[in-house]
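File shown here: target-v5.txt, holding compact mmCIF, C-alpha atoms.
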# COMPACT_ATOMS: atom_id res chain seq x y z
CA MET A 465 86.31 117.01 104.72
CA PRO A 466 85.18 116.48 108.35
CA PRO A 467 87.64 117.70 111.01
CA ARG A 468 90.19 115.22 112.28
CA ARG A 469 91.30 114.73 115.85
CA VAL A 470 94.91 113.79 116.52
CA LEU A 471 94.87 111.28 119.35
CA PRO A 472 97.39 110.72 122.12
CA GLY A 473 99.99 107.98 121.75
CA PRO A 474 99.31 104.22 121.70
CA ALA A 475 98.68 103.94 125.44
CA GLY A 476 95.83 106.40 125.12
CA ILE A 477 93.73 104.45 122.65
CA ILE A 478 94.23 100.77 123.37
CA ALA A 479 91.97 100.73 126.40
CA GLY A 480 88.88 98.77 125.52
CA GLY A 481 90.72 96.58 123.01
CA THR A 482 90.85 92.82 122.93
CA GLY A 483 93.29 92.49 125.78
CA ARG A 484 95.81 90.38 123.88
CA VAL A 485 99.00 89.98 125.89
CA ALA A 486 101.53 92.74 125.26
CA GLY A 487 104.55 91.52 123.32
CA ILE A 488 102.73 88.68 121.57
CA ILE A 489 102.86 89.34 117.84
CA GLU A 490 100.19 87.69 115.73
CA GLY A 491 100.44 87.78 111.95
CA VAL A 492 103.61 89.88 111.66
CA PRO A 493 106.80 87.97 110.81
CA ALA A 494 109.53 89.36 113.05
CA ARG A 495 111.66 90.46 110.09
CA TRP A 496 108.90 92.78 108.83
CA GLU A 497 107.71 94.14 112.16
CA TYR A 498 109.96 97.17 111.74
CA LEU A 499 107.93 98.36 108.73
CA VAL A 500 104.94 99.15 110.91
CA GLU A 501 106.91 100.33 113.93
CA ARG A 502 109.41 102.58 112.11
CA HIS A 503 107.92 103.40 108.71
CA THR A 504 104.23 104.07 109.35
CA VAL A 505 103.25 107.44 107.87
CA LEU A 506 99.58 107.37 108.81
CA SER A 507 97.74 105.54 111.59
CA VAL A 508 94.08 106.01 112.41
CA VAL A 509 91.35 104.54 114.55
CA ALA A 510 88.77 102.78 112.38
CA GLY A 511 85.68 100.69 112.97
CA SER A 512 82.91 101.51 115.41
CA ARG A 513 84.90 104.21 117.23
CA ALA A 514 85.40 106.15 114.00
CA PHE A 515 81.82 105.52 112.87
CA GLY A 516 80.32 106.89 116.09
CA LEU A 517 78.87 103.49 116.99
CA ALA A 518 81.21 102.40 119.80
CA THR A 519 79.93 100.87 123.01
CA SER A 520 81.75 99.84 126.17
CA ALA A 521 82.38 96.44 124.57
CA SER A 522 83.90 97.82 121.36
CA ASP A 523 87.45 96.99 120.30
CA THR A 524 89.83 99.70 119.10
CA ASP A 525 90.53 98.93 115.44
CA LEU A 526 93.70 100.49 114.02
CA ARG A 527 94.47 101.00 110.33
CA GLY A 528 97.73 102.33 108.96
CA VAL A 529 99.90 102.99 105.94
CA TYR A 530 103.64 102.36 105.90
CA VAL A 531 106.25 103.22 103.28
CA ALA A 532 108.72 100.38 102.85
CA PRO A 533 112.21 101.87 102.47
CA ALA A 534 113.92 101.63 99.11
CA GLU A 535 116.50 99.11 100.30
CA ALA A 536 113.71 96.70 101.31
CA PHE A 537 113.00 96.15 97.58
CA TRP A 538 116.58 95.26 96.66
CA ARG A 539 116.34 91.62 97.73
CA PHE A 540 114.35 88.66 96.39
CA ASP A 541 112.20 88.66 99.53
CA LYS A 542 110.11 91.79 98.88
CA PRO A 543 108.30 93.68 101.65
CA PRO A 544 104.70 92.58 102.21
CA THR A 545 101.83 94.61 100.77
CA HIS A 546 99.99 94.43 104.11
CA LEU A 547 100.58 93.33 107.67
CA ASP A 548 98.51 92.32 110.70
CA GLY A 549 99.66 93.68 114.07
CA PRO A 550 101.86 93.92 115.97
CA ARG A 551 99.39 95.81 118.17
CA PRO A 552 95.92 94.43 118.94
CA GLU A 553 93.37 94.85 116.13
CA GLN A 554 95.97 96.58 113.94
CA PHE A 555 96.16 96.23 110.15
CA SER A 556 98.46 98.19 107.83
CA TRP A 557 99.03 98.50 104.09
CA GLU A 558 102.19 99.34 102.20
CA VAL A 559 101.59 102.69 100.55
CA GLU A 560 101.40 101.42 96.96
CA ARG A 561 98.88 98.71 97.84
CA PHE A 562 96.85 101.22 99.82
CA CYS A 563 96.72 103.67 96.91
CA ALA A 564 95.64 100.93 94.49
CA LEU A 565 92.81 99.86 96.78
CA ALA A 566 91.63 103.40 97.44
CA LEU A 567 91.68 104.26 93.73
CA ALA A 568 89.50 101.20 93.11
CA GLY A 569 86.98 102.52 95.64
CA ASN A 570 87.67 99.92 98.32
CA PRO A 571 85.49 100.91 101.31
CA THR A 572 87.96 99.83 103.98
CA ALA A 573 90.83 101.84 102.48
CA LEU A 574 88.72 104.93 101.79
CA GLU A 575 87.23 104.87 105.28
CA ALA A 576 90.69 104.66 106.82
CA LEU A 577 91.78 107.67 104.77
CA HIS A 578 88.79 109.65 106.06
CA SER A 579 88.82 108.61 109.70
CA PRO A 580 88.33 111.60 112.01
CA LEU A 581 90.56 109.91 114.63
CA VAL A 582 94.20 110.26 113.60
CA GLU A 583 96.71 108.56 115.87
CA ARG A 584 99.91 109.25 113.92
CA ARG A 585 100.61 111.48 110.94
CA THR A 586 104.08 112.17 109.53
CA PRO A 587 104.68 114.84 106.87
CA VAL A 588 104.22 112.14 104.20
CA GLY A 589 101.04 111.01 105.96
CA ALA A 590 99.79 114.59 105.89
CA GLU A 591 100.41 114.65 102.14
CA LEU A 592 98.35 111.47 101.77
CA LEU A 593 95.48 112.98 103.75
CA ALA A 594 95.59 116.11 101.58
CA LEU A 595 95.40 113.85 98.53
CA ALA A 596 92.18 112.19 99.76
CA PRO A 597 89.79 113.91 97.27
CA ALA A 598 91.80 112.48 94.35
CA PHE A 599 90.69 108.95 95.29
CA LEU A 600 86.96 109.65 95.19
CA SER A 601 84.83 108.85 92.16
CA ARG A 602 81.53 107.34 91.05
CA ARG A 603 83.11 103.93 91.58
CA VAL A 604 81.89 104.07 95.17
CA TYR A 605 78.36 103.48 93.84
CA ARG A 606 79.51 100.00 92.91
CA THR A 607 82.04 99.23 95.61
CA PHE A 608 79.93 100.43 98.53
CA GLY A 609 76.43 99.97 97.13
CA ASP A 610 76.70 96.72 95.20
CA HIS A 611 78.50 95.05 98.07
CA ALA A 612 75.80 96.05 100.54
CA ARG A 613 73.00 94.96 98.22
CA SER A 614 74.56 91.60 97.48
CA GLN A 615 75.04 90.94 101.18
CA PHE A 616 71.40 91.71 101.90
CA ARG A 617 70.33 89.31 99.15
CA ARG A 618 72.50 86.61 100.69
CA ALA A 619 71.05 87.33 104.12
CA GLU A 620 67.54 86.91 102.71
CA LYS A 621 68.47 83.56 101.15
CA ARG A 622 70.04 82.34 104.40
CA ARG A 623 66.98 83.46 106.31
CA GLY A 624 64.84 81.46 103.90
CA ARG A 625 66.86 78.41 104.96
CA GLY A 626 66.21 79.17 108.62
CA VAL A 627 69.58 80.84 109.32
CA GLU A 628 69.18 84.28 110.86
CA PRO A 629 71.62 86.92 109.56
CA ARG A 630 74.20 88.28 111.95
CA PRO A 631 73.11 91.65 113.36
CA LYS A 632 76.63 93.08 113.19
CA GLN A 633 76.76 92.31 109.47
CA LEU A 634 73.39 93.95 108.87
CA VAL A 635 74.60 97.10 110.61
CA HIS A 636 77.67 97.07 108.41
CA GLN A 637 75.62 96.91 105.22
CA LEU A 638 73.21 99.63 106.35
CA ARG A 639 76.13 101.83 107.30
CA LEU A 640 77.75 101.36 103.89
CA LEU A 641 74.53 102.42 102.17
CA LEU A 642 74.21 105.49 104.41
CA THR A 643 77.83 106.49 103.85
CA ALA A 644 77.81 105.94 100.09
CA SER A 645 74.56 107.86 99.62
CA ALA A 646 75.87 110.87 101.50
CA LEU A 647 79.18 110.70 99.61
CA LEU A 648 77.47 110.70 96.22
CA GLU A 649 75.17 113.53 97.33
CA THR A 650 77.84 115.81 98.79
CA GLY A 651 81.09 114.72 97.16
CA THR A 652 82.59 114.37 100.64
CA LEU A 653 83.23 111.13 102.52
CA ASP A 654 82.09 111.45 106.13
CA ILE A 655 82.23 108.07 107.88
CA ASP A 656 80.62 109.29 111.12
CA VAL A 657 77.07 107.89 111.24
CA SER A 658 76.42 108.81 114.87
CA HIS A 659 73.25 110.66 113.82
CA HIS A 660 71.85 107.19 113.00
CA ARG A 661 73.40 105.60 116.09
CA ASP A 662 70.20 104.72 117.98
CA ARG A 663 68.58 103.07 115.00
CA LEU A 664 71.70 101.16 113.95
CA LEU A 665 72.41 99.92 117.46
CA ALA A 666 68.81 98.76 117.75
CA VAL A 667 69.48 96.56 114.71
CA ARG A 668 72.66 95.27 116.34
CA ARG A 669 70.76 94.44 119.54
CA GLN A 670 68.16 92.60 117.45
CA GLU A 671 65.43 94.96 118.61
CA THR A 672 64.42 95.69 115.01
CA GLY A 673 62.36 93.21 113.06
CA TRP A 674 63.55 91.81 109.76
CA ASP A 675 60.76 93.49 107.78
CA GLU A 676 61.72 96.88 109.17
CA VAL A 677 65.39 96.29 108.39
CA CYS A 678 64.43 95.39 104.82
CA ARG A 679 62.31 98.51 104.43
CA TRP A 680 65.17 100.67 105.65
CA SER A 681 67.58 98.94 103.31
CA GLU A 682 65.26 99.36 100.33
CA SER A 683 64.80 103.07 101.06
CA LEU A 684 68.58 103.51 101.29
CA VAL A 685 69.10 101.71 97.98
CA GLU A 686 66.60 104.07 96.36
CA ARG A 687 68.42 107.04 97.87
CA LEU A 688 71.73 105.64 96.62
CA ASP A 689 70.39 105.25 93.08
CA ARG A 690 69.08 108.84 93.07
CA ALA A 691 72.37 110.16 94.39
CA ALA A 692 74.36 108.26 91.77
CA ALA A 693 72.29 109.81 88.99
CA ARG A 694 72.97 113.35 90.23
CA THR A 695 76.43 113.17 91.80
CA SER A 696 79.15 115.66 90.98
CA LEU A 697 81.86 113.08 91.57
CA PRO A 698 84.02 112.27 88.52
CA ASP A 699 83.60 108.99 86.69
CA ALA A 700 87.11 107.94 87.69
CA PRO A 701 89.58 108.99 90.38
CA ASP A 702 92.60 111.17 89.64
CA THR A 703 94.99 108.28 89.14
CA ALA A 704 97.70 110.44 87.55
CA ARG A 705 97.83 112.75 90.56
CA VAL A 706 98.06 109.83 92.97
CA GLU A 707 100.70 108.11 90.85
CA ASP A 708 102.81 111.28 90.71
CA TRP A 709 102.66 111.53 94.47
CA LEU A 710 103.56 107.85 94.91
CA ALA A 711 106.55 108.29 92.59
CA SER A 712 107.72 111.27 94.65
CA VAL A 713 107.50 109.16 97.82
CA ARG A 714 109.61 106.44 96.21
CA ARG A 715 112.18 108.99 94.99
CA ARG A 716 112.49 110.50 98.46
CA SER A 717 112.94 107.04 99.96
CA LEU A 718 115.71 106.30 97.43
CA ASP A 719 117.40 109.63 98.12
CA HIS A 720 117.33 108.86 101.83
CA ALA A 721 118.87 105.43 101.23
CA GLU A 722 121.66 106.94 99.13
CA GLU A 723 122.38 109.62 101.73
CA ALA A 724 122.58 106.98 104.45
CA ALA A 725 124.98 104.76 102.49
CA PRO A 726 128.59 104.76 103.74
Take the structure in the file and give it back as structure tokens.
Amino acid sequence: MPPRRVLPGPAGIIAGGTGRVAGIIEGVPARWEYLVERHTVLSVVAGSRAFGLATSASDTDLRGVYVAPAEAFWRFDKPPTHLDGPRPEQFSWEVERFCALALAGNPTALEALHSPLVERRTPVGAELLALAPAFLSRRVYRTFGDHARSQFRRAEKRRGRGVEPRPKQLVHQLRLLLTASALLETGTLDIDVSHHRDRLLAVRRQETGWDEVCRWSESLVERLDRAAARTSLPDAPDTARVEDWLASVRRRSLDHAEEAAP
């Protein structure tokens, strides 16, 4: 797994964000805000900064995992499976939802788990990071690759109707193909694509013609297919290992609630 850097606190990474007014909470009901603020076990920088594609105009995207305390499940109004905010460009999952997505090969969840830029990591968060290999499987061939291919087909159809595809979306699809190919080839998920930075940013700046973008995409699809045929990744992730860990997290949360009871 690529080395991770633990970043300074929130004030050190928000520079360059969207500039939303401090204290304004968008998307987080006040009663659930505490889940992100007090129960986050893992918080990372995602997006272009983690991919090695950031520019001076890039936002700072934050992704996190929180563990809702046991007592939060004892009422009819259950804790949410995910939350936006309260910080700018921040999105967090409850740990069970995050594990389900990552086991299914969801690119966003897996990329968050493998970000080299770690902002916050509790002991439970460190356990989750150590568990990262258990989530990887051949499913990424479908979840990364099929998504990218379908998006390129849609872009071609839109272009045939005179609607030019969005450069940022094209970069996203190319990056997914690059990342998935390398993952299937090596068995390791490295989301840093800075070695392709110049070429990808040229696509984003619309300096690369459509035909060249298509040729690059087609060559990456061929590479992806070859990698899938030879990969050492298992057919399915280690669901039992992840489930055992999740159960241990829930038990510890319950034990904590019982200890705190009067």
Name the residues in contact with A:Val604 at a cut-off of 10 Å, using only C-alpha atoms, excluding same-chain residues fewer than 2 positions from it; report them as a list of chain:residue names. A:Leu567, A:Ala568, A:Gly569, A:Asn570, A:Pro571, A:Leu574, A:Leu600, A:Ser601, A:Arg602, A:Arg606, A:Thr607, A:Phe608, A:Gly609, A:Asp610, A:Thr643, A:Ala644, A:Ser645, A:Leu647, A:Leu648, A:Ala692, A:Leu697, A:Asp699, A:Ala700
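With only C-alpha atoms taken into account, the protein and nucleic acid residues at most 8 Å from stretch 677-682 of chain A (excluding it and anything under 4 positions from it in its own chain) are Leu638, Leu641, Val667, Thr672, Gly673 and Glu686 of chain A.
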Between A:Pro543, A:Ser520, A:Phe515, A:Arg613, which residue has the minimum interatomic distance to A:Ser683, considering all atoms listed in the file?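 Nearest to A:Ser683: A:Arg613.
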Sphere at (97.9, 112.5, 96.8), radius 6 Å, counting all atoms listed in the file: residues as a list in words: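 The requested residues, written out, are Leu592, Leu595, Val706 and Trp709 of chain A.
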Just-selected residues, C-alpha atoms written as a JSON list (two decimals), in the coordinates of the input:
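File again.json, as written:
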[["chain", "number", "residue", "atom", "x", "y", "z"],
["A", 592, "LEU", "CA", 98.35, 111.47, 101.77],
["A", 595, "LEU", "CA", 95.40, 113.85, 98.53],
["A", 706, "VAL", "CA", 98.06, 109.83, 92.97],
["A", 709, "TRP", "CA", 102.66, 111.53, 94.47]]
Please identify all polymer residues lying at most 12 Å from the point (108.5, 98.7, 111.7) (file coordinates), using all atoms listed in the file, and present the result as a ChimeraX atom specification. /A:492-505,528-533,536,543-544,547-551,556,558
